[in-house]
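This report refers to the structure that appears directly beneath it.
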Amino acid sequence: MGSRDDIADVVIVGAGASGGAFAWSLAEAGFGVVCLEQGGWVEPRDYASGRADWEIAKLSYMHPDPNVRGLPQDYPVNDDDSPITPLMYNAVGGSTIHWSAHFPRFRPSDFRVKSLDGVADDFPMTYSDLEPYFDANDRINGIAGMTGDPGYPDKSDRQTPPVPLGKLGETIARGFDKLGWHWWPSDSAILTEPYDGRAACNNCGPCELGCYRKAKASSDVTYWPKALAKGAVLKTWSRAKEVTVGAYGLADGVVYYDADGRLQRQRARAVVVACNGVGTPRLLLNSASGRFPSGLANSSGLVGKNLMFHPYSIVMGVFDERMDGYMGPGGCAIMSQEFYETDLSRGFVRGYTFQIARSSGPLNTALGGLGGYGPVPWGAEHHRVMKERFARTIAVAVIGEDLPERHNAVTIDDEMTDDHGIPAPKISYTMSENSARMLAHGSEKATLALEAAGAKEALVNPLLRPAGWHLMGTARMGADPETSVVDESGRAHDVENLYVIDGSILVTGGAVNPTSTIQALALYAADRFKTRARR
Ligand SMILES: Cc1cc2nc3c(=O)[nH]c(=O)nc-3n(C[C@H](O)[C@H](O)[C@H](O)COP(=O)(O)OP(=O)(O)OC[C@H]3O[C@@H](n4cnc5c(N)ncnc54)[C@H](O)[C@@H]3O)c2cc1C
């Protein structure tokens with residue numbers, strides 16, 4: 001166990017997207033910050049994106065599913081009871097090592113779905129409350145994009161021009177134009193010009209394998225160097241087992257396994273949990289005690305409940321001409337929000353975004369490509385089908401709003417544990433009827449767009465299975481302690497010096513990739529923390 005004089009102002013658990021942002025904000029203001037991260041540093045020049053075997057890496061040691069990857073820093077997840085597999089990365093930078101850096105913000109309506117549509121709950125703040133934090137987060141990450149998108153209130157200037165649309169983006173944009181539908185170059189957390197000491201993107205493609213040029217804004221190359229320069233202490237290979245609580249019901253530290261497998265204790269005046277939508281409820285539920293028998297901060301019974309993924313369907317258009325979509329940032333070209341807002345005549349509430357992703361390299365094309373359409377046949381037909389598909393496809397991903405439902409949950413598995421013997425999480429998730437109708441509508445409209453763009457064939461995957469990129473909602477925020485776990489500043493209703501600041505606190509999931517909003521919320525929470533601490 002650690003010594004008694006080693007008391008941090010704040011101990012943060014998790015050095016990912018939100019943990020990095022919070023640590024930087026507090027360290028810069030002079031707070032004593034210690035962060036415990038179960039993984040280590042990954043040296044950008046070692047990222048698989050810069051290696052010849054990158055396509056194999058994607059299927060093995062850089063697979064986004066921790067159950068497949070099985071690295072020492074990973075913990076197992078029982079996902080037998082879910083059609084969607086949770087995906088993540090465990091290291092300094094967290095899942096932003098893996099992310100595609102598609103960077104849309106939640107739209108103003110996402111903060112008010114109860115008021116507008118009578119479903120779920122409103123966020124305890126509005127888009128305009130969060131706007132300065134969106135902007136501050138953009139400045140640290142460096143965002144490629146273009147102002148003027150009619151789908152959003154005016155934004156501040158983007159730091160660099162948008163990522164190139166490429167032949168693929170231009171082609172599908174013509175399809176949207178023919179139909180008179182909205183589209184806009186995606187905001188991407190990927191530099192297209194040098195910025196803040198980082199190099200520009202070279203359009204090599206596999207961003208999800210880590211960006212060896214540091215053009216992609218993973219928090220290990222954005223927030224963490226700045227936080228460390230301001231005195232934050234980052235303890236890697238340190239896996240939190242439980243948050244401990246003192247005599248007055250206040251959090252007083254975190255018990256963790258260090259790199260040598262020894263149990264240590266980090267004492268702190270405040271504890272901040274940033275382990276993502278699966279890791280955070282796992283840690284809180286594993287921190288049950290005599291005072292908090294059903295898990296820490298869980299008097300509402302909502303820790304682990306309301307798990308939201310974004311269910312995805314994907315339609316792949318096959319074209320006669322080459323689209324060369326294996327070049328350019330994999331997850332980012334353009335997006336369309338034509339069907340974002342509620343129109344009940346469509347048969348569902350809320351809506352979806354079309355995210356135009358690029359296509360795969362040769363090995364992954366042969367294995368079925370992004371949409372998982374089944375492998376290109378082996379034998380006589382192989383070359384014909386391969387020639388038809390490789391570099392000649394456009395994938396339109398339909399990313400649908402996933403409203404919170406109590407039965408979609410992270411609980412603690414009865415038997416499974418990680419290498420340290422800490423109980424593992426179990427996922428139970430059923431896609432709602434509303435989501436199913438939304439994705440069916442989206443697949444139909446995506447097919448129309450691809451046909452308008454000139455596709456000769458459209459292959460529909462109605463539900464992408466290994467698509468749990470976005471882990472949200474399992475410690476939701478709100479004003480009412482009976483219907484939420486934390487307040488608007490991320491502070492637990494039950495424990496006044498315990499905070500949650502990651503994707504778990506989202507009230508609803510929106511219909512866009514969530515990380516811009518998650519990091520803005522982390523900065524918002526950090527400002528409120530500082531104000532309270534100074535008082
Ligand atoms: C393949 C992939 C592609 C994605 N693409 C996009 C995209 O294009 N756009 C977008 O917006 N989002 C994308 N995402 C999602 C994005 O990465 C997440 O939304 C974001 O990283 C979540 O931030 P977080 O802080 O909640 O958690 P994370 O970034 O996952 O960080 C959690 C950290 O906590 C650590 N941790 C967990 N438990 C413990 C413990 N017990 N002790 C110590 N440390 C612990 C983990 O090791 C990890 O480093 C993608 C994700 C994946 C996997």
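Ordering of the structure tokens sets the chain letters (A, B, ...), residue numbers begin anew at 1 in every chain, and ligands are numbered from 1 in the order given.
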
Using only C-alpha atoms and all ligand atoms, find each residue of chain A with at least one atom at most 7 Å away from an atom of ligand 1; report its shortest atom-to-atom pair and that distance in Å (one decimal), sort the rows by chain and rising residue number, and return the result as a Markdown table.
| residue | atom | partner | partner_atom_place_in_ligand_line | distance |
| --- | --- | --- | --- | --- |
| A:Val13 | CA | ligand 1 | 43 (C) | 5.3 |
| A:Gly14 | CA | ligand 1 | 34 (O) | 3.3 |
| A:Ala15 | CA | ligand 1 | 49 (O) | 4.8 |
| A:Gly16 | CA | ligand 1 | 31 (O) | 3.4 |
| A:Ala17 | CA | ligand 1 | 25 (O) | 4.0 |
| A:Ser18 | CA | ligand 1 | 25 (O) | 3.7 |
| A:Gly19 | CA | ligand 1 | 25 (O) | 5.6 |
| A:Leu36 | CA | ligand 1 | 43 (C) | 5.3 |
| A:Glu37 | CA | ligand 1 | 44 (N) | 3.8 |
| A:Gln38 | CA | ligand 1 | 43 (C) | 3.9 |
| A:Gly39 | CA | ligand 1 | 47 (O) | 5.4 |
| A:Pro64 | CA | ligand 1 | 1 (C) | 5.2 |
| A:Leu87 | CA | ligand 1 | 53 (C) | 4.6 |
| A:Met88 | CA | ligand 1 | 53 (C) | 4.0 |
| A:Tyr89 | CA | ligand 1 | 30 (O) | 6.0 |
| A:Asn90 | CA | ligand 1 | 47 (O) | 3.3 |
| A:Ala91 | CA | ligand 1 | 49 (O) | 4.5 |
| A:Val92 | CA | ligand 1 | 49 (O) | 5.4 |
| A:Gly93 | CA | ligand 1 | 49 (O) | 5.8 |
| A:Gly94 | CA | ligand 1 | 49 (O) | 3.2 |
| A:Ser95 | CA | ligand 1 | 17 (O) | 3.9 |
| A:Thr96 | CA | ligand 1 | 17 (O) | 4.3 |
| A:His98 | CA | ligand 1 | 1 (C) | 4.7 |
| A:Trp99 | CA | ligand 1 | 4 (C) | 3.3 |
| A:Ser100 | CA | ligand 1 | 8 (O) | 3.7 |
| A:Ala101 | CA | ligand 1 | 8 (O) | 3.9 |
| A:His102 | CA | ligand 1 | 8 (O) | 3.7 |
| A:Phe103 | CA | ligand 1 | 11 (O) | 5.3 |
| A:Glu208 | CA | ligand 1 | 1 (C) | 5.7 |
| A:Ser238 | CA | ligand 1 | 43 (C) | 5.8 |
| A:Arg239 | CA | ligand 1 | 42 (N) | 3.6 |
| A:Ala240 | CA | ligand 1 | 42 (N) | 3.8 |
| A:Lys241 | CA | ligand 1 | 41 (N) | 5.9 |
| A:Ala274 | CA | ligand 1 | 25 (O) | 5.4 |
| A:Cys275 | CA | ligand 1 | 34 (O) | 3.5 |
| A:Asn276 | CA | ligand 1 | 26 (O) | 3.6 |
| A:Gly277 | CA | ligand 1 | 26 (O) | 6.1 |
| A:Gly279 | CA | ligand 1 | 38 (N) | 4.5 |
| A:Thr280 | CA | ligand 1 | 38 (N) | 6.6 |
| A:Leu283 | CA | ligand 1 | 41 (N) | 6.0 |
| A:Gly331 | CA | ligand 1 | 8 (O) | 5.8 |
| A:Trp469 | CA | ligand 1 | 51 (C) | 4.2 |
| A:His470 | CA | ligand 1 | 15 (C) | 5.0 |
| A:Leu471 | CA | ligand 1 | 19 (O) | 6.6 |
| A:Asp502 | CA | ligand 1 | 26 (O) | 3.8 |
| A:Gly503 | CA | ligand 1 | 26 (O) | 4.1 |
| A:Ser504 | CA | ligand 1 | 26 (O) | 6.7 |
| A:Asn513 | CA | ligand 1 | 11 (O) | 3.8 |
| A:Pro514 | CA | ligand 1 | 11 (O) | 4.3 |
| A:Thr515 | CA | ligand 1 | 11 (O) | 3.7 |
| A:Ser516 | CA | ligand 1 | 11 (O) | 5.9 |
| A:Ile518 | CA | ligand 1 | 23 (O) | 6.7 |

Per-residue nearest contacts of region 345-375 of chain A to region 116-136 of chain A (12 Å; only C-alpha atoms) as a Markdown table:
| residue | atom | partner | partner_atom | distance |
| --- | --- | --- | --- | --- |
| A:Phe348 | CA | A:Asp117 | CA | 10.9 |
| A:Val349 | CA | A:Asp117 | CA | 7.4 |
| A:Arg350 | CA | A:Asp117 | CA | 7.7 |
| A:Gly351 | CA | A:Asp117 | CA | 11.4 |

Let's have the selection written as a PDB file, in the first residue's frame, with N, CA and C atoms.
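Generated output (out17.pdb):
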ATOM      1  N   PHE A 348     -40.654   6.342 -36.760  1.00  0.00           N
ATOM      2  CA  PHE A 348     -39.777   6.268 -35.585  1.00  0.00           C
ATOM      3  C   PHE A 348     -39.507   7.689 -35.089  1.00  0.00           C
ATOM      4  N   VAL A 349     -39.040   7.741 -33.835  1.00  0.00           N
ATOM      5  CA  VAL A 349     -38.726   9.046 -33.252  1.00  0.00           C
ATOM      6  C   VAL A 349     -37.216   9.281 -33.339  1.00  0.00           C
ATOM      7  N   ARG A 350     -36.800  10.556 -33.377  1.00  0.00           N
ATOM      8  CA  ARG A 350     -35.411  10.977 -33.602  1.00  0.00           C
ATOM      9  C   ARG A 350     -34.929  10.469 -34.958  1.00  0.00           C
ATOM     10  N   GLY A 351     -33.604  10.385 -35.168  1.00  0.00           N
ATOM     11  CA  GLY A 351     -33.150  10.085 -36.523  1.00  0.00           C
ATOM     12  C   GLY A 351     -31.722   9.592 -36.592  1.00  0.00           C
TER      13      GLY A 351
END

Practice task
Tell me which protein, DNA and RNA residues are within 9 Å of Ser359 (chain A), counting only C-alpha atoms, leaving out same-chain ones fewer than 3 positions away, and put them as JSON, numbers by chain.
Solution key: {"A": [323, 324, 325, 326, 327, 330, 365, 369, 370, 390, 391, 392, 393, 394, 395]}

Could you write out the selected residues, including C-alpha atoms, as a PDB file, in the first residue's frame?
ATOM      1  CA  MET A 323     -13.144   5.128 -56.042  1.00  0.00           C
ATOM      2  CA  ASP A 324      -9.731   4.511 -54.402  1.00  0.00           C
ATOM      3  CA  GLY A 325     -11.372   4.639 -51.013  1.00  0.00           C
ATOM      4  CA  TYR A 326      -8.550   2.792 -49.244  1.00  0.00           C
ATOM      5  CA  MET A 327      -6.694   6.125 -49.399  1.00  0.00           C
ATOM      6  CA  GLY A 330     -10.894   5.725 -43.028  1.00  0.00           C
ATOM      7  CA  THR A 365     -11.831  -6.402 -48.893  1.00  0.00           C
ATOM      8  CA  GLY A 369     -14.873  -5.312 -46.214  1.00  0.00           C
ATOM      9  CA  LEU A 370     -16.141  -2.762 -43.753  1.00  0.00           C
ATOM     10  CA  PHE A 390     -11.500  -3.661 -54.373  1.00  0.00           C
ATOM     11  CA  ALA A 391     -11.284   0.141 -54.540  1.00  0.00           C
ATOM     12  CA  ARG A 392     -14.644   0.297 -56.317  1.00  0.00           C
ATOM     13  CA  THR A 393     -16.994   0.641 -53.348  1.00  0.00           C
ATOM     14  CA  ILE A 394     -18.514   3.396 -51.234  1.00  0.00           C
ATOM     15  CA  ALA A 395     -19.830   2.502 -47.781  1.00  0.00           C
TER      16      ALA A 395
END

Completion exercise
Nearest to Asp419 (chain A), restricted to only C-alpha atoms and choosing among A:Pro404, A:Gly261, A:Lys216, A:Ser60, comes out as A:Gly261

Problem - Å distance separating CA of Ala48 (chain A) from CA of Ala467 (chain A), one decimal place - result: 20.7 Å

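Excluding Ala449 (chain A) itself and same-chain residues fewer than 6 positions from it, the residues having an atom within 10 Å of it are Ile172, Ala173, Arg174, Gly175, Phe176, Asp177, Lys178, Leu179, Trp181, Gly317, Val396, Ser443 and Ala455 of chain A, counting only C-alpha atoms.
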
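Between Asn298 (chain A) and the candidates A:Leu285, A:Met335, A:Val11, A:Ile84, the tightest atom-to-atom separation, counting only C-alpha atoms, involves A:Leu285.
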
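Candidate residues A:Tyr248, A:Ile140, A:Ala366, A:Ala424 were compared for distance to Trp378 (chain A), and the nearest is A:Ala366, using only C-alpha atoms.
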
Handout entry: Residues flagged strand (DSSP E or B) by DSSP in region 289-457 of chain A, as a count of residues only
Key = 41
